[in-house]
file start.csv (CSV, C-alpha atoms)
chain,number,residue,atom,x,y,z
T,231,MET,CA,142.6,102.8,106.6
T,232,SER,CA,143.3,99.2,107.3
T,233,ASP,CA,143.5,97.9,110.8
T,234,TYR,CA,145.6,95.0,109.7
T,235,ARG,CA,148.9,94.4,107.8
T,236,LEU,CA,149.8,91.3,106.0
T,237,GLY,CA,153.5,90.2,105.7
T,238,ILE,CA,154.6,87.5,103.4
T,239,ASP,CA,158.0,85.7,103.6
T,240,ILE,CA,159.0,83.9,100.5
T,241,GLY,CA,161.9,81.4,101.1
T,242,GLY,CA,163.6,78.8,99.1
T,243,THR,CA,161.3,76.0,100.4
T,244,LYS,CA,158.2,77.8,101.9
T,245,ILE,CA,155.8,80.7,101.8
T,246,GLU,CA,154.6,82.1,105.1
T,247,ILE,CA,152.0,84.8,105.7
T,248,VAL,CA,151.4,86.7,109.0
T,249,ALA,CA,148.7,89.2,109.8
T,250,LEU,CA,149.3,91.9,112.4
T,251,ASP,CA,146.6,94.0,114.1
T,252,ALA,CA,146.8,97.7,114.9
T,253,GLU,CA,148.8,96.9,118.0
T,254,GLY,CA,151.3,94.8,116.1
T,255,GLN,CA,150.1,91.5,117.5
T,256,VAL,CA,150.1,88.4,115.4
T,257,VAL,CA,146.5,87.3,114.7
T,258,LEU,CA,147.1,84.9,111.8
T,259,ARG,CA,150.0,82.8,110.6
T,260,HIS,CA,150.0,80.2,107.8
T,261,ARG,CA,152.8,78.4,106.0
T,262,VAL,CA,152.7,76.4,102.7
T,263,SER,CA,155.5,74.8,100.6
T,264,ASN,CA,157.1,76.9,97.9
T,265,PRO,CA,155.8,75.4,94.6
T,266,GLY,CA,159.2,76.1,92.9
T,267,THR,CA,157.7,77.7,89.8
T,268,TYR,CA,157.0,81.3,89.0
T,269,GLN,CA,153.3,81.0,88.1
T,270,GLY,CA,152.8,78.6,91.0
T,271,LEU,CA,154.2,81.2,93.4
T,272,LEU,CA,152.0,84.0,92.1
T,273,SER,CA,148.9,81.7,92.4
T,274,ASP,CA,149.8,80.5,95.9
T,275,VAL,CA,150.5,84.0,97.2
T,276,LYS,CA,147.2,85.2,95.9
T,277,LYS,CA,145.4,82.4,97.7
T,278,LEU,CA,147.2,83.2,100.9
T,279,VAL,CA,146.3,86.9,100.6
T,280,ASP,CA,142.7,86.3,99.7
T,281,ASP,CA,142.2,83.9,102.6
T,282,ALA,CA,143.9,86.4,105.0
T,283,HIS,CA,141.7,89.2,103.8
T,284,THR,CA,138.5,87.3,104.5
T,285,ARG,CA,139.8,86.5,108.0
T,286,THR,CA,141.0,90.0,108.9
T,287,ASN,CA,140.1,93.0,106.7
T,288,PRO,CA,139.7,93.2,102.9
T,289,TYR,CA,141.8,96.4,102.9
T,290,ALA,CA,144.7,95.0,104.8
T,291,THR,CA,148.0,96.1,103.3
T,292,VAL,CA,150.5,93.6,101.9
T,293,GLY,CA,154.3,93.6,102.1
T,294,VAL,CA,156.5,90.8,100.7
T,295,GLY,CA,160.0,89.7,101.5
T,296,ILE,CA,161.8,87.8,98.7
T,297,PRO,CA,165.2,86.0,98.6
T,298,GLY,CA,166.6,88.5,96.1
T,299,ALA,CA,166.3,92.1,95.0
T,300,VAL,CA,164.1,94.1,92.7
T,301,ASP,CA,166.3,96.1,90.3
T,302,ALA,CA,165.3,99.7,90.7
T,303,HIS,CA,165.8,100.4,87.0
T,304,THR,CA,164.4,97.3,85.3
T,305,ARG,CA,161.9,96.2,88.0
T,306,LEU,CA,163.1,92.6,87.5
T,307,VAL,CA,164.2,90.3,90.3
T,308,LYS,CA,167.9,89.5,90.5
T,309,ASN,CA,170.3,87.7,92.9
T,310,ALA,CA,167.6,85.3,94.1
T,311,ASN,CA,168.7,81.8,95.1
T,312,ALA,CA,165.3,80.7,94.0
T,313,THR,CA,166.7,81.1,90.5
T,314,TRP,CA,163.4,80.9,88.7
T,315,LEU,CA,162.5,84.2,90.2
T,316,ASN,CA,165.5,86.0,88.5
T,317,GLY,CA,164.6,88.1,85.5
T,318,GLN,CA,160.9,88.2,86.5
T,319,PRO,CA,158.8,91.4,87.1
T,320,PHE,CA,157.5,89.8,90.4
T,321,ALA,CA,156.4,93.0,92.1
T,322,ASP,CA,154.5,94.2,89.1
T,323,ASP,CA,153.0,90.8,88.3
T,324,LEU,CA,151.9,90.4,91.9
T,325,GLN,CA,150.2,93.8,91.9
T,326,ASP,CA,148.4,92.9,88.7
T,327,ILE,CA,147.1,89.6,90.0
T,328,LEU,CA,146.0,91.0,93.4
T,329,GLY,CA,144.6,94.2,92.0
T,330,PHE,CA,146.1,96.6,94.5
T,331,PRO,CA,149.6,98.0,95.4
T,332,VAL,CA,152.1,95.8,97.3
T,333,ARG,CA,155.6,96.4,98.6
T,334,VAL,CA,158.3,94.0,97.7
T,335,GLU,CA,161.7,94.1,99.4
T,336,ASN,CA,164.7,91.9,100.0
T,337,ASP,CA,164.0,89.5,102.9
T,338,ALA,CA,167.3,90.3,104.7
T,339,ASN,CA,166.6,94.0,104.5
T,340,CYS,CA,163.1,93.4,106.0
T,341,PHE,CA,164.6,91.4,108.8
T,342,ALA,CA,167.3,93.9,109.6
T,343,LEU,CA,164.9,96.8,109.4
T,344,SER,CA,162.5,95.0,111.8
T,345,GLU,CA,165.3,94.4,114.3
T,346,ALA,CA,166.5,98.0,114.0
T,347,THR,CA,163.0,99.4,114.5
T,348,ASP,CA,161.8,97.5,117.6
T,349,GLY,CA,163.9,94.4,117.9
T,350,ALA,CA,167.3,93.5,119.3
T,351,ALA,CA,169.0,96.4,117.6
T,352,ALA,CA,166.5,99.1,118.4
T,353,GLY,CA,168.1,102.5,118.7
T,354,ARG,CA,171.3,101.6,116.9
T,355,HIS,CA,172.5,103.8,114.1
T,356,VAL,CA,174.0,101.0,112.0
T,357,VAL,CA,172.6,97.5,111.9
T,358,PHE,CA,173.7,94.4,110.0
T,359,GLY,CA,171.2,91.6,109.9
T,360,VAL,CA,172.0,88.0,108.7
T,361,ILE,CA,169.7,85.3,107.3
T,362,LEU,CA,170.8,81.7,107.2
T,363,GLY,CA,168.3,79.4,105.4
T,364,SER,CA,168.0,77.9,102.0
T,365,GLY,CA,170.4,80.7,101.1
T,366,MET,CA,172.4,83.4,102.9
T,367,GLY,CA,171.2,87.0,103.1
T,368,GLY,CA,172.4,90.2,104.7
T,369,GLY,CA,170.8,93.6,105.2
T,370,ILE,CA,172.4,96.9,106.3
T,371,ILE,CA,170.3,99.5,108.0
T,372,VAL,CA,171.6,103.1,108.5
T,373,ASP,CA,169.6,105.5,110.7
T,374,GLY,CA,166.4,103.5,110.1
T,375,LYS,CA,166.7,103.0,106.4
T,376,PRO,CA,168.0,100.1,104.3
T,377,LEU,CA,171.3,100.7,102.6
T,378,LYS,CA,170.8,99.1,99.2
T,379,GLY,CA,173.9,100.2,97.3
T,380,LEU,CA,174.3,101.1,93.6
T,381,HIS,CA,173.1,97.6,92.4
T,382,ASP,CA,170.5,97.0,95.2
T,383,ILE,CA,172.5,94.2,96.7
T,384,ALA,CA,174.5,95.9,99.5
T,385,GLY,CA,175.0,93.6,102.5
T,386,GLU,CA,174.8,90.3,100.5
T,387,TRP,CA,177.7,88.7,102.4
T,388,GLY,CA,176.8,85.3,101.1
T,389,HIS,CA,178.5,86.1,97.8
T,390,THR,CA,181.9,87.0,99.2
T,391,PRO,CA,184.4,84.3,98.6
T,392,LEU,CA,185.5,81.8,101.3
T,393,PRO,CA,188.7,83.2,102.9
T,394,TRP,CA,191.9,81.3,103.5
T,395,VAL,CA,191.2,78.6,101.0
T,396,ARG,CA,193.6,75.6,101.1
T,397,GLU,CA,195.1,74.1,97.9
T,398,ASP,CA,193.3,70.8,98.6
T,399,GLU,CA,189.9,72.6,98.7
T,400,PHE,CA,190.0,73.4,95.0
T,401,PRO,CA,188.0,73.4,92.8
T,402,MET,CA,185.5,75.6,94.7
T,403,PRO,CA,181.8,74.8,94.4
T,404,LYS,CA,179.9,76.8,91.7
T,405,CYS,CA,177.3,79.3,92.9
T,406,PHE,CA,174.1,80.3,91.1
T,407,CYS,CA,175.5,83.8,90.9
T,408,GLY,CA,178.1,82.7,88.4
T,409,ASN,CA,181.1,82.8,90.8
T,410,SER,CA,182.8,79.9,92.6
T,411,GLY,CA,183.5,79.6,96.3
T,412,CYS,CA,180.9,81.9,97.6
T,413,LEU,CA,180.3,81.6,101.4
T,414,GLU,CA,176.6,80.6,100.7
T,415,ARG,CA,177.9,77.4,99.0
T,416,PHE,CA,179.3,76.3,102.4
T,417,LEU,CA,176.9,77.7,105.0
T,418,CYS,CA,173.4,77.7,103.7
T,419,GLY,CA,171.0,74.9,104.6
T,420,PRO,CA,171.3,72.8,101.4
T,421,ALA,CA,175.1,73.2,101.4
T,422,LEU,CA,175.4,72.0,105.0
T,423,ALA,CA,173.1,69.1,104.2
T,424,GLU,CA,175.3,68.0,101.3
T,425,SER,CA,178.5,68.4,103.3
T,426,TRP,CA,177.1,66.3,106.2
T,427,LYS,CA,174.8,63.8,104.4
T,428,GLY,CA,176.2,63.6,100.9
T,429,ALA,CA,175.4,65.0,97.4
T,430,GLY,CA,171.7,65.5,96.6
T,431,ASN,CA,170.6,66.1,100.2
T,432,ARG,CA,169.0,69.5,100.9
T,433,SER,CA,167.4,69.1,104.4
T,434,VAL,CA,169.5,69.8,107.6
T,435,GLN,CA,166.8,68.0,109.7
T,436,GLY,CA,168.5,65.7,112.1
T,437,ILE,CA,172.0,67.1,111.8
T,438,ASP,CA,172.0,68.6,115.2
T,439,ALA,CA,170.9,65.3,116.8
T,440,GLU,CA,173.7,63.5,114.9
T,441,ILE,CA,176.3,66.0,116.1
T,442,SER,CA,175.0,65.7,119.7
T,443,GLN,CA,175.1,61.9,119.5
T,444,LYS,CA,178.6,61.8,118.1
T,445,GLY,CA,179.7,64.3,120.7
T,446,CYS,CA,178.4,62.1,123.5
T,447,THR,CA,179.9,59.0,122.0
T,448,SER,CA,183.4,60.6,121.6
T,449,GLY,CA,183.2,62.1,125.1
call {"tool": "encode", "arguments": {"input": "start.csv", "output": "structure tokens"}}
result
Amino acid sequence: MSDYRLGIDIGGTKIEIVALDAEGQVVLRHRVSNPGTYQGLLSDVKKLVDDAHTRTNPYATVGVGIPGAVDAHTRLVKNANATWLNGQPFADDLQDILGFPVRVENDANCFALSEATDGAAAGRHVVFGVILGSGMGGGIIVDGKPLKGLHDIAGEWGHTPLPWVREDEFPMPKCFCGNSGCLERFLCGPALAESWKGAGNRSVQGIDAEISQKGCTSG
């Protein structure tokens, strides 16, 4: 059996790999930019895994969190804000390119399960975990197991509509999911950047400093 476990987080802008030893301690962490293409993602993940295997154990197991869901029936990715992942057999293609089994799960489910197992929500029967980043994710854990729902997207609160919309707020912004006015279109990083800095901006870097400065000035 492997003494190490490799965990990979695929986000809208980055890919990060972490290696844990038998005691659960982080022994390796490395982050690269997300290439923004499907084949580029497969290639970059393989490079990260190969490098981590040489530095830990060639038999270290691999788990991957993605900003979407793998449909249990078709094995295709859906509901990913990195839209070029949608419709792709990512889990199967990744296994083929690596040459061994991997586990692929929704990133918010992974986060919520981690907190429910030995984190802030340890010992709780029902846990709801929230991710705010390039998109908005949500995971529900019941008695230590992810609640996925009929369509494998239970807990995805980012695609509920903005409540109490005023007439002057129409038309609502379009979402990649096909609906308009999803909460994600207001609260995810790129949406906040556009709201604060203007159309075309995706980075929230510096917004907190601007808020603090304006707060001091107004005070």
call {"tool": "closest_residue", "arguments": {"input": "start.csv", "among": "T:Asn409, T:Thr304, T:Gln269, T:Ser364", "to": "Thr390 of chain T", "atoms": "all atoms listed in the file"}}
result
T:Asn409
call {"tool": "closest_residue", "arguments": {"input": "start.csv", "among": "T:Arg259, T:Ala312, T:Gly374, T:Ala282", "to": "Ala342 of chain T", "atoms": "only C-alpha atoms"}}
result
T:Gly374
call {"tool": "closest_residue", "arguments": {"input": "start.csv", "among": "T:Ala338, T:Ile361, T:Ile370, T:Ala350", "to": "Glu414 of chain T", "atoms": "only C-alpha atoms"}}
result
T:Ile361
call {"tool": "residues_near_point", "arguments": {"input": "start.csv", "point": "(157.3, 91.7, 106.2)", "cutoff": "8 Å", "atoms": "all atoms listed in the file", "output": "list in words"}}
result
Leu236, Gly237, Ile238, Asp239, Gly293, Val294, Gly295, Asp337, Cys340 and Phe341 of chain T
call {"tool": "residues_near_point", "arguments": {"input": "start.csv", "point": "(146.6, 88.6, 89.2)", "cutoff": "12 Å", "atoms": "only C-alpha atoms", "output": "list in words"}}
result
Gln269, Gly270, Leu271, Leu272, Ser273, Asp274, Val275, Lys276, Lys277, Val279, Asp280, Phe320, Ala321, Asp322, Asp323, Leu324, Gln325, Asp326, Ile327, Leu328, Gly329, Phe330 and Pro331 of chain T
call {"tool": "atom_distance", "arguments": {"input": "start.csv", "atom1": "atom CA of Glu335 of chain T", "atom2": "atom CA of Ala302 of chain T"}}
result
11.0 Å
call {"tool": "decode", "arguments": {"input": "start.csv", "residues": "segment 400-416 of chain T", "atoms": "all heavy atoms", "output": "CSV table (one decimal), in the first residue's frame"}}
result
chain,number,residue,atom,x,y,z
T,400,PHE,N,-33.1,44.5,-13.7
T,400,PHE,CA,-33.2,43.8,-15.0
T,400,PHE,C,-32.6,44.5,-16.1
T,400,PHE,O,-32.5,45.7,-16.1
T,400,PHE,CB,-34.7,43.5,-15.2
T,400,PHE,CG,-35.3,42.5,-14.3
T,400,PHE,CD1,-36.1,42.9,-13.2
T,400,PHE,CD2,-35.2,41.1,-14.6
T,400,PHE,CE1,-36.6,42.0,-12.4
T,400,PHE,CE2,-35.8,40.2,-13.7
T,400,PHE,CZ,-36.5,40.6,-12.6
T,401,PRO,N,-32.0,43.8,-17.1
T,401,PRO,CA,-32.0,42.3,-17.2
T,401,PRO,C,-30.9,41.7,-16.4
T,401,PRO,O,-29.9,42.3,-16.2
T,401,PRO,CB,-31.7,42.1,-18.7
T,401,PRO,CG,-30.9,43.3,-19.1
T,401,PRO,CD,-31.5,44.4,-18.3
T,402,MET,N,-31.1,40.5,-15.8
T,402,MET,CA,-30.2,39.8,-15.0
T,402,MET,C,-29.0,39.3,-15.9
T,402,MET,O,-29.2,39.0,-17.1
T,402,MET,CB,-30.9,38.6,-14.3
T,402,MET,CG,-31.9,39.0,-13.2
T,402,MET,SD,-31.1,39.4,-11.7
T,402,MET,CE,-31.0,41.2,-11.8
T,403,PRO,N,-27.8,39.2,-15.3
T,403,PRO,CA,-26.7,38.7,-16.1
T,403,PRO,C,-26.9,37.2,-16.4
T,403,PRO,O,-27.4,36.4,-15.6
T,403,PRO,CB,-25.5,38.9,-15.2
T,403,PRO,CG,-26.1,39.0,-13.8
T,403,PRO,CD,-27.4,39.6,-14.0
T,404,LYS,N,-26.5,36.8,-17.6
T,404,LYS,CA,-26.6,35.5,-18.1
T,404,LYS,C,-25.5,34.6,-17.4
T,404,LYS,O,-24.4,35.0,-17.1
T,404,LYS,CB,-26.4,35.4,-19.6
T,404,LYS,CG,-27.5,36.1,-20.4
T,404,LYS,CD,-28.8,35.3,-20.3
T,404,LYS,CE,-28.7,34.0,-21.1
T,404,LYS,NZ,-30.1,33.3,-21.2
T,405,CYS,N,-25.9,33.4,-17.1
T,405,CYS,CA,-25.0,32.4,-16.5
T,405,CYS,C,-24.6,31.3,-17.5
T,405,CYS,O,-25.4,31.0,-18.4
T,405,CYS,CB,-25.6,31.8,-15.2
T,405,CYS,SG,-24.5,30.6,-14.3
T,406,PHE,N,-23.4,30.7,-17.3
T,406,PHE,CA,-23.0,29.7,-18.2
T,406,PHE,C,-24.0,28.5,-18.2
T,406,PHE,O,-24.0,27.7,-19.1
T,406,PHE,CB,-21.6,29.2,-17.9
T,406,PHE,CG,-21.5,28.4,-16.6
T,406,PHE,CD1,-21.7,27.0,-16.6
T,406,PHE,CD2,-21.2,29.0,-15.4
T,406,PHE,CE1,-21.6,26.3,-15.5
T,406,PHE,CE2,-21.1,28.2,-14.2
T,406,PHE,CZ,-21.4,26.9,-14.3
T,407,CYS,N,-24.7,28.3,-17.1
T,407,CYS,CA,-25.7,27.2,-17.0
T,407,CYS,C,-26.9,27.4,-17.9
T,407,CYS,O,-27.7,26.4,-18.1
T,407,CYS,CB,-26.1,27.0,-15.6
T,407,CYS,SG,-27.3,28.3,-14.9
T,408,GLY,N,-27.1,28.6,-18.5
T,408,GLY,CA,-28.2,28.8,-19.4
T,408,GLY,C,-29.3,29.7,-18.7
T,408,GLY,O,-30.1,30.2,-19.5
T,409,ASN,N,-29.2,29.8,-17.4
T,409,ASN,CA,-30.2,30.7,-16.7
T,409,ASN,C,-29.7,32.1,-16.6
T,409,ASN,O,-28.5,32.4,-16.9
T,409,ASN,CB,-30.6,30.1,-15.4
T,409,ASN,CG,-31.3,28.8,-15.5
T,409,ASN,OD1,-32.1,28.6,-16.4
T,409,ASN,ND2,-31.1,27.9,-14.6
T,410,SER,N,-30.5,33.0,-16.1
T,410,SER,CA,-30.1,34.4,-15.8
T,410,SER,C,-30.3,34.7,-14.3
T,410,SER,O,-31.2,34.1,-13.7
T,410,SER,CB,-31.0,35.3,-16.6
T,410,SER,OG,-30.8,35.1,-18.0
T,411,GLY,N,-29.4,35.5,-13.8
T,411,GLY,CA,-29.6,35.9,-12.4
T,411,GLY,C,-29.1,35.0,-11.4
T,411,GLY,O,-29.5,35.1,-10.2
T,412,CYS,N,-28.3,34.0,-11.7
T,412,CYS,CA,-27.8,33.0,-10.7
T,412,CYS,C,-26.9,33.8,-9.7
T,412,CYS,O,-26.2,34.7,-10.1
T,412,CYS,CB,-27.0,31.9,-11.4
T,412,CYS,SG,-27.9,30.8,-12.4
T,413,LEU,N,-27.0,33.4,-8.5
T,413,LEU,CA,-26.1,34.0,-7.4
T,413,LEU,C,-24.7,34.0,-7.8
T,413,LEU,O,-24.0,35.0,-7.5
T,413,LEU,CB,-26.3,33.2,-6.1
T,413,LEU,CG,-27.6,33.5,-5.3
T,413,LEU,CD1,-27.7,32.5,-4.1
T,413,LEU,CD2,-27.8,34.9,-4.9
T,414,GLU,N,-24.2,33.0,-8.5
T,414,GLU,CA,-22.8,33.0,-8.9
T,414,GLU,C,-22.4,34.2,-9.8
T,414,GLU,O,-21.3,34.7,-9.7
T,414,GLU,CB,-22.5,31.7,-9.7
T,414,GLU,CG,-21.1,31.6,-10.1
T,414,GLU,CD,-20.7,30.2,-10.6
T,414,GLU,OE1,-21.0,29.2,-9.9
T,414,GLU,OE2,-20.1,30.1,-11.7
T,415,ARG,N,-23.4,34.7,-10.5
T,415,ARG,CA,-23.1,35.8,-11.4
T,415,ARG,C,-22.9,37.1,-10.6
T,415,ARG,O,-22.6,38.2,-11.2
T,415,ARG,CB,-24.2,36.0,-12.5
T,415,ARG,CG,-24.3,34.9,-13.5
T,415,ARG,CD,-22.9,34.7,-14.3
T,415,ARG,NE,-22.0,33.8,-13.6
T,415,ARG,CZ,-20.7,34.0,-13.7
T,415,ARG,NH1,-20.1,35.0,-14.3
T,415,ARG,NH2,-19.9,33.1,-13.2
T,416,PHE,N,-23.1,37.1,-9.3
T,416,PHE,CA,-23.0,38.3,-8.5
T,416,PHE,C,-21.8,38.1,-7.5
T,416,PHE,O,-21.2,39.1,-7.1
T,416,PHE,CB,-24.3,38.6,-7.7
T,416,PHE,CG,-25.4,38.9,-8.6
T,416,PHE,CD1,-26.3,38.0,-9.1
T,416,PHE,CD2,-25.6,40.3,-9.0
T,416,PHE,CE1,-27.3,38.3,-10.0
T,416,PHE,CE2,-26.7,40.6,-9.8
T,416,PHE,CZ,-27.5,39.6,-10.3
